[in-house]
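Peer 1: Pasting coords.cif below, which is mmCIF, C-alpha atoms and all ligand atoms.
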data_protein
loop_
_atom_site.label_atom_id
_atom_site.label_comp_id
_atom_site.auth_asym_id
_atom_site.auth_seq_id
_atom_site.Cartn_x
_atom_site.Cartn_y
_atom_site.Cartn_z
CA MET A 1 87.46 20.46 278.04
CA GLY A 2 89.69 22.57 280.09
CA ALA A 3 90.53 25.92 281.48
CA SER A 4 88.69 27.97 278.91
CA HIS A 5 85.17 27.45 280.21
CA GLU A 6 84.75 30.67 282.14
CA ALA A 7 85.64 32.79 279.14
CA ARG A 8 82.85 31.32 277.07
CA ASN A 9 79.86 32.91 275.59
CA THR A 10 77.38 30.19 276.38
CA GLY A 11 74.40 32.35 275.64
CA THR A 12 71.88 30.74 273.41
CA GLY A 13 70.00 33.58 271.90
CA THR A 14 72.17 36.64 271.26
CA PRO A 15 71.68 37.35 267.59
CA GLY A 16 74.95 37.41 265.70
CA ALA A 17 77.02 36.19 268.65
CA VAL A 18 79.46 33.40 267.95
CA ARG A 19 79.11 30.75 270.63
CA GLU A 20 82.24 28.91 271.68
CA VAL A 21 82.36 25.26 272.57
CA ASP A 22 84.95 22.50 272.53
CA VAL A 23 83.00 20.09 270.35
CA VAL A 24 80.13 20.41 267.90
CA VAL A 25 78.34 17.20 267.00
CA VAL A 26 76.42 17.50 263.74
CA GLY A 27 73.60 14.98 263.48
CA ALA A 28 71.62 13.19 266.18
CA GLY A 29 71.18 9.76 264.64
CA GLN A 30 72.81 6.65 266.07
CA ALA A 31 76.34 7.96 265.48
CA GLY A 32 75.78 11.47 266.83
CA LEU A 33 73.93 10.26 269.93
CA SER A 34 76.65 7.72 270.67
CA ALA A 35 79.25 10.50 270.42
CA ALA A 36 77.15 12.80 272.64
CA TYR A 37 76.73 10.02 275.22
CA HIS A 38 80.49 9.48 275.40
CA LEU A 39 81.16 13.20 275.61
CA ARG A 40 78.72 13.44 278.52
CA ARG A 41 80.11 10.37 280.25
CA THR A 42 83.63 11.75 280.14
CA GLY A 43 82.66 15.07 281.70
CA PHE A 44 81.73 17.36 278.81
CA VAL A 45 78.74 19.51 279.71
CA PRO A 46 76.04 20.05 277.08
CA ASP A 47 75.61 23.67 275.93
CA ARG A 48 78.80 24.66 277.74
CA ASP A 49 81.39 22.24 276.31
CA PHE A 50 79.50 20.73 273.42
CA VAL A 51 76.35 21.03 271.34
CA VAL A 52 74.49 18.54 269.19
CA LEU A 53 72.78 20.07 266.16
CA ASP A 54 70.25 18.30 263.96
CA HIS A 55 68.11 19.61 261.13
CA ALA A 56 65.35 17.04 261.41
CA PRO A 57 62.16 18.12 263.16
CA ARG A 58 62.10 15.30 265.73
CA PRO A 59 64.32 12.73 267.44
CA GLY A 60 65.01 9.51 265.50
CA GLY A 61 67.79 10.34 263.04
CA ALA A 62 66.95 9.11 259.54
CA TRP A 63 64.76 6.39 261.00
CA GLN A 64 61.93 8.91 261.46
CA PHE A 65 61.64 9.20 257.66
CA ARG A 66 61.56 5.50 256.79
CA TRP A 67 58.45 4.04 255.29
CA PRO A 68 55.73 2.67 257.59
CA SER A 69 55.96 -0.89 256.24
CA LEU A 70 59.59 -1.09 257.43
CA THR A 71 58.50 -2.49 260.74
CA TYR A 72 60.85 -2.96 263.65
CA GLY A 73 60.70 -6.72 263.05
CA LYS A 74 62.00 -6.25 259.49
CA VAL A 75 65.21 -4.31 260.23
CA HIS A 76 68.39 -6.36 260.09
CA GLY A 77 69.60 -5.98 263.59
CA MET A 78 69.34 -2.57 265.10
CA HIS A 79 71.87 -2.21 267.90
CA ALA A 80 70.82 -0.29 270.98
CA LEU A 81 72.64 2.93 271.77
CA PRO A 82 75.30 2.76 274.48
CA GLY A 83 74.03 2.77 278.04
CA MET A 84 70.33 2.10 277.47
CA GLU A 85 68.65 -0.95 275.97
CA LEU A 86 65.71 -0.79 273.59
CA THR A 87 63.36 -3.20 275.33
CA ASP A 88 59.88 -4.59 274.60
CA ALA A 89 59.56 -3.02 271.16
CA ASP A 90 56.63 -4.43 269.21
CA PRO A 91 58.09 -5.95 266.01
CA ALA A 92 54.86 -5.10 264.14
CA ARG A 93 55.21 -1.35 264.73
CA PRO A 94 56.98 0.87 262.16
CA SER A 95 60.68 1.22 263.00
CA SER A 96 60.25 4.96 262.36
CA GLU A 97 58.06 5.16 265.48
CA VAL A 98 59.94 2.66 267.64
CA VAL A 99 63.34 4.23 267.04
CA ALA A 100 62.07 7.81 267.30
CA GLU A 101 60.56 7.09 270.71
CA TYR A 102 63.69 5.30 271.86
CA PHE A 103 66.01 8.11 270.71
CA ASP A 104 63.72 10.66 272.36
CA ALA A 105 63.85 8.77 275.67
CA TYR A 106 67.62 8.40 275.29
CA GLU A 107 68.22 12.09 274.71
CA HIS A 108 66.23 12.88 277.85
CA ALA A 109 67.79 10.14 279.97
CA PHE A 110 71.30 11.47 279.31
CA ASP A 111 70.30 15.13 279.05
CA LEU A 112 71.93 15.52 275.63
CA ARG A 113 69.97 18.69 274.76
CA VAL A 114 69.92 18.20 271.02
CA ARG A 115 69.11 21.45 269.25
CA ARG A 116 66.66 21.05 266.40
CA PRO A 117 65.79 21.92 263.79
CA VAL A 118 69.24 23.43 263.21
CA ASP A 119 70.66 23.04 259.72
CA VAL A 120 74.45 23.07 259.47
CA ARG A 121 75.23 24.85 256.22
CA ALA A 122 79.01 25.18 256.21
CA VAL A 123 82.03 24.44 258.34
CA ARG A 124 85.13 26.50 257.72
CA GLU A 125 88.38 27.62 259.30
CA ALA A 126 87.94 30.39 261.84
CA GLY A 127 89.80 33.41 260.60
CA SER A 128 90.03 32.24 257.02
CA GLY A 129 87.06 34.38 256.03
CA GLY A 130 86.99 32.51 252.77
CA ASP A 131 86.57 29.02 251.56
CA GLY A 132 89.08 27.34 253.86
CA GLY A 133 92.59 26.14 253.53
CA GLU A 134 94.36 29.44 253.56
CA GLY A 135 94.76 31.59 256.63
CA ARG A 136 95.02 28.63 258.91
CA GLY A 137 98.08 30.07 260.58
CA ASP A 138 99.06 26.83 262.22
CA GLY A 139 100.89 25.19 259.40
CA GLY A 140 98.01 22.78 258.91
CA SER A 141 98.45 21.15 262.31
CA GLY A 142 94.71 21.51 262.72
CA HIS A 143 94.76 23.29 266.07
CA GLY A 144 92.87 26.42 265.08
CA ARG A 145 89.15 26.75 265.62
CA LEU A 146 86.42 25.85 263.21
CA LEU A 147 83.34 27.92 262.52
CA VAL A 148 80.09 26.01 262.19
CA GLU A 149 77.55 28.11 260.27
CA THR A 150 73.96 27.11 260.84
CA SER A 151 70.38 28.21 260.44
CA ALA A 152 70.52 29.16 264.14
CA GLY A 153 73.74 31.13 264.11
CA VAL A 154 77.44 30.34 264.31
CA TRP A 155 79.38 28.14 266.70
CA SER A 156 83.14 28.26 267.05
CA THR A 157 84.59 24.93 268.04
CA ARG A 158 87.88 23.17 268.64
CA ALA A 159 86.67 19.85 267.27
CA LEU A 160 83.85 18.59 265.11
CA ILE A 161 82.13 15.22 265.13
CA ASN A 162 80.23 14.88 261.90
CA ALA A 163 77.43 12.34 262.13
CA THR A 164 75.16 13.36 259.29
CA GLY A 165 74.53 9.91 257.79
CA THR A 166 73.45 9.46 254.20
CA TRP A 167 69.65 9.80 254.12
CA ASP A 168 69.81 13.42 252.97
CA ARG A 169 71.81 12.48 249.88
CA PRO A 170 69.91 9.88 247.88
CA PHE A 171 71.91 8.78 244.87
CA TRP A 172 70.11 8.98 241.50
CA PRO A 173 72.10 7.54 238.62
CA ARG A 174 71.61 9.15 235.23
CA TYR A 175 70.49 7.21 232.17
CA PRO A 176 69.83 8.41 228.64
CA GLY A 177 66.22 9.40 228.10
CA GLN A 178 65.47 9.69 231.80
CA GLU A 179 63.84 13.10 231.43
CA THR A 180 61.48 11.79 228.73
CA PHE A 181 59.81 9.19 230.95
CA ARG A 182 56.07 9.88 231.23
CA GLY A 183 55.55 7.87 234.40
CA ARG A 184 56.70 8.58 237.92
CA GLN A 185 60.28 8.26 239.15
CA LEU A 186 61.05 8.07 242.83
CA HIS A 187 63.89 7.08 245.10
CA THR A 188 63.91 4.79 248.14
CA ALA A 189 64.09 7.98 250.22
CA GLN A 190 60.53 8.75 249.01
CA TYR A 191 59.16 5.20 249.09
CA PRO A 192 55.63 5.49 250.46
CA GLY A 193 54.90 1.79 251.05
CA PRO A 194 53.52 -0.85 248.66
CA GLU A 195 49.88 0.23 248.40
CA ALA A 196 50.87 3.24 246.31
CA PHE A 197 51.89 0.87 243.50
CA ALA A 198 48.54 -0.97 243.19
CA GLY A 199 47.84 -1.88 239.58
CA LEU A 200 51.02 -0.24 238.25
CA ARG A 201 53.92 -1.63 236.24
CA VAL A 202 57.02 -0.99 238.32
CA VAL A 203 60.71 -1.18 237.45
CA VAL A 204 62.90 -1.36 240.53
CA VAL A 205 66.55 -0.42 240.01
CA GLY A 206 69.22 -1.48 242.47
CA GLY A 207 70.68 -4.63 243.96
CA GLY A 208 70.69 -3.70 247.64
CA ALA A 209 68.54 -4.68 250.56
CA SER A 210 66.13 -1.80 249.93
CA GLY A 211 65.56 -2.91 246.31
CA THR A 212 64.76 -6.49 247.28
CA GLN A 213 62.50 -5.35 250.12
CA HIS A 214 60.61 -2.98 247.82
CA LEU A 215 60.08 -5.74 245.25
CA LEU A 216 58.85 -8.27 247.75
CA GLU A 217 56.42 -5.74 249.18
CA ILE A 218 55.21 -4.26 245.92
CA ALA A 219 54.77 -7.48 243.91
CA PRO A 220 51.42 -8.50 245.48
CA TYR A 221 49.93 -5.07 244.65
CA ALA A 222 51.54 -4.16 241.32
CA ALA A 223 50.41 -5.17 237.82
CA SER A 224 54.01 -6.24 237.21
CA THR A 225 57.47 -5.77 238.68
CA THR A 226 60.85 -5.85 236.94
CA TRP A 227 64.16 -5.89 238.77
CA VAL A 228 67.31 -4.48 237.17
CA THR A 229 70.73 -4.29 238.75
CA ARG A 230 74.19 -3.37 237.50
CA ARG A 231 75.84 -6.51 238.85
CA PRO A 232 74.30 -9.90 239.49
CA PRO A 233 73.20 -9.90 243.13
CA VAL A 234 75.14 -12.08 245.54
CA PHE A 235 72.99 -13.79 248.13
CA ARG A 236 74.52 -14.79 251.41
CA GLU A 237 73.54 -18.07 253.07
CA GLY A 238 73.42 -18.29 256.83
CA PRO A 239 73.59 -15.64 259.51
CA PHE A 240 75.79 -12.62 259.18
CA ASP A 241 78.09 -13.50 262.07
CA GLU A 242 80.73 -11.40 263.74
CA ASP A 243 83.53 -12.71 261.54
CA ALA A 244 81.62 -11.84 258.39
CA GLY A 245 80.87 -8.42 259.87
CA ARG A 246 84.50 -7.82 260.72
CA SER A 247 85.74 -8.71 257.25
CA ALA A 248 83.06 -6.53 255.61
CA VAL A 249 84.06 -3.58 257.79
CA ALA A 250 87.76 -4.21 257.10
CA LEU A 251 87.13 -3.96 253.35
CA VAL A 252 85.41 -0.58 253.60
CA GLU A 253 88.00 0.59 256.15
CA GLU A 254 90.79 -0.12 253.71
CA ARG A 255 89.04 1.94 251.02
CA VAL A 256 88.63 5.02 253.18
CA ARG A 257 92.19 4.68 254.53
CA GLN A 258 93.29 5.06 250.92
CA GLY A 259 91.09 8.09 250.41
CA LEU A 260 88.55 6.34 248.17
CA PRO A 261 84.82 6.97 248.54
CA PRO A 262 83.18 4.28 250.69
CA ARG A 263 81.30 1.49 248.89
CA SER A 264 77.77 0.40 249.60
CA VAL A 265 77.31 -2.03 252.44
CA VAL A 266 75.82 -4.68 250.15
CA SER A 267 78.89 -4.64 247.94
CA VAL A 268 80.78 -6.12 250.84
CA THR A 269 78.16 -8.08 252.76
CA GLY A 270 75.92 -9.63 250.08
CA LEU A 271 72.15 -9.89 250.45
CA PRO A 272 70.73 -11.97 253.30
CA LEU A 273 68.97 -15.08 252.01
CA ASN A 274 65.95 -15.25 254.32
CA ASP A 275 62.62 -17.03 253.78
CA ALA A 276 60.96 -14.08 252.04
CA VAL A 277 63.90 -13.73 249.63
CA ARG A 278 63.87 -17.49 248.95
CA ARG A 279 60.16 -17.26 248.07
CA GLY A 280 60.90 -14.27 245.83
CA LEU A 281 63.56 -16.25 243.99
CA THR A 282 61.26 -19.24 243.56
CA ASP A 283 58.23 -17.31 242.32
CA GLY A 284 60.24 -15.05 240.00
CA VAL A 285 59.80 -11.70 241.78
CA LEU A 286 63.56 -11.63 242.27
CA ASP A 287 64.48 -12.64 238.72
CA ARG A 288 67.01 -10.00 237.92
CA LEU A 289 67.77 -8.33 234.59
CA PRO A 290 70.94 -6.44 233.71
CA MET A 291 70.85 -2.66 233.65
CA PHE A 292 68.86 -1.18 230.74
CA ASP A 293 70.56 1.04 228.18
CA ARG A 294 67.98 3.79 228.07
CA ILE A 295 64.73 5.11 229.42
CA THR A 296 61.94 5.85 226.96
CA PRO A 297 58.70 7.78 227.49
CA ASP A 298 56.98 4.42 228.14
CA GLY A 299 59.55 2.37 230.00
CA VAL A 300 63.06 1.01 229.65
CA GLU A 301 65.01 -0.57 226.80
CA TRP A 302 68.06 -2.74 226.23
CA ASP A 303 70.29 -2.78 223.15
CA SER A 304 71.21 -6.37 223.74
CA GLY A 305 70.69 -8.87 226.48
CA PRO A 306 67.30 -9.93 227.73
CA GLU A 307 64.86 -11.37 225.20
CA LEU A 308 61.55 -10.40 226.70
CA GLU A 309 58.00 -10.94 225.45
CA GLY A 310 57.69 -7.50 223.92
CA GLY A 311 61.26 -7.40 222.59
CA ARG A 312 64.11 -5.83 224.48
CA ARG A 313 61.91 -3.45 226.42
CA VAL A 314 59.66 -3.25 229.45
CA ASP A 315 56.76 -0.80 229.68
CA ALA A 316 56.49 0.90 233.02
CA ASP A 317 54.39 3.37 234.99
CA VAL A 318 56.96 3.80 237.73
CA ILE A 319 60.73 3.60 238.03
CA LEU A 320 61.78 3.16 241.63
CA TRP A 321 65.45 3.96 242.16
CA ALA A 322 66.73 1.86 245.05
CA THR A 323 70.22 3.00 244.23
CA GLY A 324 71.49 3.95 247.61
CA PHE A 325 72.82 7.03 249.27
CA ARG A 326 76.04 8.99 249.59
CA ALA A 327 77.58 10.62 252.64
CA ALA A 328 75.74 13.89 253.42
CA ILE A 329 78.85 16.01 253.88
CA ASP A 330 78.41 18.94 251.49
CA HIS A 331 78.63 21.35 254.43
CA LEU A 332 82.27 20.27 254.89
CA ALA A 333 83.18 21.36 251.35
CA PRO A 334 84.89 24.64 252.43
CA LEU A 335 87.45 22.52 254.31
CA ARG A 336 88.50 20.77 251.11
CA LEU A 337 88.91 17.40 252.74
CA ARG A 338 88.49 15.34 249.59
CA GLY A 339 91.68 14.01 248.08
CA PRO A 340 92.58 12.89 244.58
CA GLY A 341 90.89 9.51 245.16
CA GLY A 342 87.53 11.30 245.36
CA GLY A 343 87.05 10.40 249.02
CA ILE A 344 88.36 11.61 252.35
CA ARG A 345 91.43 9.80 253.64
CA MET A 346 90.60 8.50 257.08
CA GLU A 347 92.53 7.09 260.05
CA GLY A 348 89.85 5.34 262.04
CA THR A 349 87.13 7.95 262.56
CA ARG A 350 89.56 10.85 262.19
CA VAL A 351 90.12 12.75 258.97
CA ALA A 352 93.77 11.98 258.23
CA ALA A 353 94.57 15.54 257.19
CA ASP A 354 92.77 17.24 260.09
CA PRO A 355 92.72 15.76 263.60
CA ARG A 356 89.94 18.10 264.71
CA ILE A 357 87.42 16.43 262.44
CA HIS A 358 85.85 13.03 262.90
CA LEU A 359 83.37 11.36 260.61
CA VAL A 360 81.21 8.88 262.48
CA GLY A 361 78.63 6.65 260.83
CA TYR A 362 80.74 7.12 257.70
CA GLY A 363 82.14 4.30 255.55
CA PRO A 364 83.09 1.39 257.79
CA SER A 365 81.01 2.72 260.69
CA ALA A 366 77.79 3.12 258.64
CA SER A 367 75.81 0.59 260.65
CA THR A 368 74.15 0.90 264.02
CA VAL A 369 76.87 -1.11 265.75
CA GLY A 370 79.60 0.69 263.80
CA ALA A 371 78.09 4.06 264.66
CA ASN A 372 78.12 3.17 268.37
CA ARG A 373 81.78 2.28 268.27
CA ALA A 374 82.72 5.25 266.11
CA GLY A 375 81.11 7.66 268.59
CA ARG A 376 83.21 6.24 271.38
CA ALA A 377 86.42 6.21 269.34
CA ALA A 378 85.94 9.80 268.16
CA VAL A 379 85.44 11.07 271.71
CA ARG A 380 88.48 9.18 272.98
CA ASP A 381 90.58 10.77 270.25
CA ILE A 382 89.18 14.26 270.69
CA ARG A 383 89.81 14.20 274.44
CA ARG A 384 93.44 13.47 273.69
CA LEU A 385 93.57 16.26 271.10
CA LEU A 386 91.99 18.83 273.40
CA ALA A 387 94.26 17.91 276.27
CA ASP A 388 97.29 18.47 274.03
CA VAL A 389 96.57 21.92 272.74
CA PRO A 390 96.06 25.30 274.36
CA ALA A 391 92.36 26.00 274.95
CA VAL A 392 92.42 29.45 273.37
CA ALA A 393 93.17 29.45 269.69
C1 LIG A 401 66.34 1.68 254.67
C2 LIG A 401 67.50 1.50 255.58
C3 LIG A 401 67.47 0.49 256.52
C4 LIG A 401 68.55 0.30 257.38
N1 LIG A 401 68.50 -0.74 258.26
C5 LIG A 401 69.54 -0.94 259.11
C6 LIG A 401 69.54 -1.99 260.07
O1 LIG A 401 68.58 -2.75 260.14
N2 LIG A 401 70.61 -2.15 260.89
C7 LIG A 401 71.68 -1.31 260.83
O2 LIG A 401 72.65 -1.48 261.60
N3 LIG A 401 71.72 -0.30 259.93
C8 LIG A 401 70.69 -0.10 259.08
N4 LIG A 401 70.75 0.91 258.15
C9 LIG A 401 71.89 1.78 258.14
C10 LIG A 401 71.54 2.78 259.24
O3 LIG A 401 70.78 3.83 258.74
C11 LIG A 401 72.73 3.27 259.99
O4 LIG A 401 73.42 2.21 260.47
C12 LIG A 401 72.46 4.19 261.15
O5 LIG A 401 71.15 4.21 261.63
C13 LIG A 401 72.82 5.53 260.64
O6 LIG A 401 72.99 6.36 261.73
P1 LIG A 401 73.68 7.75 261.53
O7 LIG A 401 73.67 8.38 262.86
O8 LIG A 401 74.99 7.58 260.86
O9 LIG A 401 72.77 8.53 260.47
P2 LIG A 401 71.27 9.07 260.46
O10 LIG A 401 70.32 8.22 261.21
O11 LIG A 401 70.99 9.34 259.04
O12 LIG A 401 71.36 10.45 261.24
C14 LIG A 401 71.94 11.58 260.67
C15 LIG A 401 71.31 12.80 261.28
O13 LIG A 401 72.03 13.94 260.81
C16 LIG A 401 71.11 14.96 260.53
N5 LIG A 401 71.73 15.83 259.52
C17 LIG A 401 72.17 15.50 258.28
N6 LIG A 401 72.72 16.55 257.66
C18 LIG A 401 72.64 17.59 258.53
C19 LIG A 401 73.02 18.96 258.48
N7 LIG A 401 73.65 19.49 257.42
N8 LIG A 401 72.74 19.76 259.53
C20 LIG A 401 72.12 19.25 260.63
N9 LIG A 401 71.75 17.96 260.75
C21 LIG A 401 72.00 17.13 259.71
C22 LIG A 401 69.85 14.27 260.05
O14 LIG A 401 68.71 15.07 260.29
C23 LIG A 401 69.86 13.00 260.89
O15 LIG A 401 69.07 13.13 262.05
C24 LIG A 401 69.68 1.12 257.28
C25 LIG A 401 69.71 2.16 256.33
C26 LIG A 401 68.63 2.34 255.48
C27 LIG A 401 68.68 3.43 254.44
#
Show the structure stored in the file as structure tokens.
Ligand SMILES: Cc1cc2nc3c(=O)[nH]c(=O)nc-3n(C[C@H](O)[C@H](O)[C@H](O)COP(=O)(O)OP(=O)(O)OC[C@H]3O[C@@H](n4cnc5c(N)ncnc54)[C@H](O)[C@@H]3O)c2cc1C

Peer 2:
Amino acid sequence: MGASHEARNTGTGTPGAVREVDVVVVGAGQAGLSAAYHLRRTGFVPDRDFVVLDHAPRPGGAWQFRWPSLTYGKVHGMHALPGMELTDADPARPSSEVVAEYFDAYEHAFDLRVRRPVDVRAVREAGSGGDGGEGRGDGGSGHGRLLVETSAGVWSTRALINATGTWDRPFWPRYPGQETFRGRQLHTAQYPGPEAFAGLRVVVVGGGASGTQHLLEIAPYAASTTWVTRRPPVFREGPFDEDAGRSAVALVEERVRQGLPPRSVVSVTGLPLNDAVRRGLTDGVLDRLPMFDRITPDGVEWDSGPELEGGRRVDADVILWATGFRAAIDHLAPLRLRGPGGGIRMEGTRVAADPRIHLVGYGPSASTVGANRAGRAAVRDIRRLLADVPAVA
């Protein structure tokens, strides 16, 4: 924000024109909308000072893609966005619909003017003309502009709030023989709901909340279910209170401060032991096996370990990979933010090596409540940054 507004090209449609703003927010899920709300509240004007870009067709962030049987009543505590409660939602309705409607109303209420579908393909240094790093001309202080290349043209910006979540990067582990499997393999990101598994023998891989939910849903329809996880699952008794939340967040925070890739949420929170999970443990649906050694055309096999009826193998029609997601940040690759630890070293929501770039909904803020807070923190920081530096690069 500042003196540079008049000199802007705020046009929206000139082909080839580079549009200048102070802040680009990439992603309009919980984290991006929280950031946009705080930008608006502190005087940034949409289209003139900032833009929010999202490649999904509709409002709702990744929630719009979640399976219909993930009803609003089944989510583990969805925090409302800042400034507007989500009231009177029917717990029996799909969360994909409830959240999409709420986000839509929110975007209108605060006039956030999200542009969609706009796919952000690459972010690079302005003036570098190449793959980043060189040509910065500011000794790495991070005060040059960034170019945001998208399916709808290029924006030049002084700061970037990246809020792209993880849904677009499902993680598929690789196992020997995987390509020989004659059945169907799918990931949580493609889970269609339990009816699709009627009469089939299903192997579910993954020890997270999605894996347990899939099993509990599928078991009544499937001919058989088998659960395999790398580590024995840890179930958590009692409510996940604020103290537990704080210590879980602190663990992930420490990892990203050191430049390590963030861990899955379940690795630090454990699985909630609710009534449905207790029933699953009692009736055997949640009997867990260790990870198999290979995939065969007909199923999965172990070299040692479980002694099952048919030997050390399970025949399967479907392998459902509930193996989580990674941060969807490939478009930031030209900036070479990853360090030797394989992750991006962070200080709060800010990339340690580049104060213009904030990752919200990333690592410790990858929850609805974390995303809310991260949006606010990023805006607070960026306001300070923009006040400190000359408006024209
Ligand atoms: C099955 C499931 C259930 C969950 N349940 C809960 C829960 O009950 N409670 C909770 O707190 N958390 C839950 N989470 C975690 C939850 O998803 C996050 O807390 C939060 O909703 C993520 O918000 P976000 O804004 O970071 O990401 P998203 O909602 O994923 O939004 C990211 C947005 O960025 C856009 N985008 C991505 N890449 C690009 C690009 N290159 N260009 C343009 N746009 C892009 C996407 O279209 C998307 O709209 C769940 C996660 C999963 C997978």

Peer 1: Compute the set of protein, DNA and RNA residues whose minimum atom distance to ligand LIG 401 (chain A) is at most 7 Å, using all atoms listed in the file, and state it as a PyMOL selection string.

Peer 2: chain A and resi 26-32+53-56+60-63+66+75-79+118-121+163-168+210+328+331+360-362+366-369+371

Peer 1: Could you check how far atom CA of A:Gly208 sits from atom CA of A:Glu101, in Å to one decimal?

Peer 2: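 Between atom CA of A:Gly208 and atom CA of A:Glu101 the gap works out to 27.4 Å.
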
Peer 1: For each of A:Leu289, A:Val45, A:Ala92, A:Ala189, take the minimum atom-to-atom distance to A:Phe325, counting all atoms listed in the file, then give the residue where this is smallest.

Peer 2: A:Ala189

Peer 1: Could you check how far atom CA of A:Phe171 sits from atom CA of A:Val285, in Å to one decimal?

Peer 2: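 Computing it gives 24.0 Å between the two atoms.
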
Peer 1: I'd like to know which of A:Glu97, A:Phe110, A:Glu217, A:Phe292 is closest to A:Met84, using only C-alpha atoms.

Peer 2: A:Phe110

Peer 1: When distances are computed from only C-alpha atoms, which of A:Pro46, A:Pro297, A:Gly153, A:Gly259 shows the smallest separation from A:Arg338?

Peer 2: A:Gly259

Peer 1: Could you jot down the atom CA of A:Phe103 to atom CA of A:Asp381 separation for me, Å, one decimal place?

Peer 2: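 Going from atom CA of A:Phe103 over to atom CA of A:Asp381 covers 24.7 Å.
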
Peer 1: Taking into account all atoms listed in the file, which residue in the set A:Val268, A:Tyr37, A:Arg145, A:Thr282 is nearest to A:Arg246?

Peer 2: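 Nearest to A:Arg246: A:Val268.
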
Peer 1: Tell me which of A:Leu320, A:Leu160, A:Ala209, A:Met291 sits closest to A:Arg236, counting only C-alpha atoms.

Peer 2: A:Ala209

Peer 1: Which of these, A:Leu337, A:Ala196, A:Ala377, A:Ala276, has the shortest distance to A:Leu260 once you count all atoms listed in the file?

Peer 2: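 That would be A:Leu337, the residue with the smallest distance to A:Leu260.
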
Peer 1: Near A:Leu186, counting all atoms listed in the file, which residues have an atom at most 9 Å away, once you skip same-chain residues fewer than 6 positions from it, shown as a PyMOL selection string?

Peer 2: chain A and resi 318-322

Peer 1: Could you write out the selected residues, including C-alpha atoms, as a JSON list (two decimals), in the coordinates of the input?

Peer 2:
[["chain", "number", "residue", "atom", "x", "y", "z"],
["A", 318, "VAL", "CA", 56.96, 3.80, 237.73],
["A", 319, "ILE", "CA", 60.73, 3.60, 238.03],
["A", 320, "LEU", "CA", 61.78, 3.16, 241.63],
["A", 321, "TRP", "CA", 65.45, 3.96, 242.16],
["A", 322, "ALA", "CA", 66.73, 1.86, 245.05]]

Peer 1: Enclose the full set of atoms of stretch 306-319 of chain A listed in the file within a box whose edges lie along x, y and z, apply 3 Å of padding to each of the six sides, and report centre and edge lengths in Å to one decimal as lines of an AutoDock Vina configuration file.

Peer 2:
center_x = 60.8
center_y = -3.8
center_z = 230.3
size_x = 18.9
size_y = 21.2
size_z = 21.4

Peer 1: Show me, as CSV, the residues of stretch 273-376 of chain A having an atom within 10 Å of stretch 219-225 of chain A, each with the closest atom pair and its distance in Å, using all atoms listed in the file.

Peer 2:
residue,atom,partner,partner_atom,distance
A:Gly280,CA,A:Ala219,CA,9.3
A:Gly284,CA,A:Thr225,CA,9.8
A:Val285,CA,A:Ala219,CA,6.9
A:Leu286,CA,A:Thr225,CA,9.2
A:Asp287,CA,A:Thr225,CA,9.8
A:Val314,CA,A:Thr225,CA,9.8
A:Asp315,CA,A:Ser224,CA,9.7
A:Ala316,CA,A:Ser224,CA,8.6
A:Asp317,CA,A:Ala223,CA,9.8
A:Val318,CA,A:Thr225,CA,9.6
A:Ile319,CA,A:Thr225,CA,9.9

Peer 1: Rebuild N, CA and C atoms on stretch 198-207 of chain A, as a CSV table (one decimal), keeping the file's coordinate frame?

Peer 2:
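Final output, selection.csv:
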chain,number,residue,atom,x,y,z
A,198,ALA,N,49.6,-0.1,243.6
A,198,ALA,CA,48.5,-1.0,243.2
A,198,ALA,C,48.2,-0.8,241.7
A,199,GLY,N,48.2,-1.9,241.0
A,199,GLY,CA,47.8,-1.9,239.6
A,199,GLY,C,48.9,-1.3,238.6
A,200,LEU,N,50.0,-0.9,239.1
A,200,LEU,CA,51.0,-0.2,238.2
A,200,LEU,C,52.1,-1.2,237.8
A,201,ARG,N,52.8,-0.9,236.7
A,201,ARG,CA,53.9,-1.6,236.2
A,201,ARG,C,55.2,-0.9,236.7
A,202,VAL,N,55.9,-1.6,237.6
A,202,VAL,CA,57.0,-1.0,238.3
A,202,VAL,C,58.4,-1.6,237.9
A,203,VAL,N,59.3,-0.7,237.6
A,203,VAL,CA,60.7,-1.2,237.4
A,203,VAL,C,61.5,-0.7,238.7
A,204,VAL,N,62.1,-1.7,239.4
A,204,VAL,CA,62.9,-1.4,240.5
A,204,VAL,C,64.4,-1.5,240.1
A,205,VAL,N,65.1,-0.4,240.4
A,205,VAL,CA,66.6,-0.4,240.0
A,205,VAL,C,67.4,-0.5,241.3
A,206,GLY,N,68.3,-1.5,241.3
A,206,GLY,CA,69.2,-1.5,242.5
A,206,GLY,C,69.3,-2.8,243.2
A,207,GLY,N,70.5,-3.3,243.4
A,207,GLY,CA,70.7,-4.6,244.0
A,207,GLY,C,70.9,-4.7,245.5
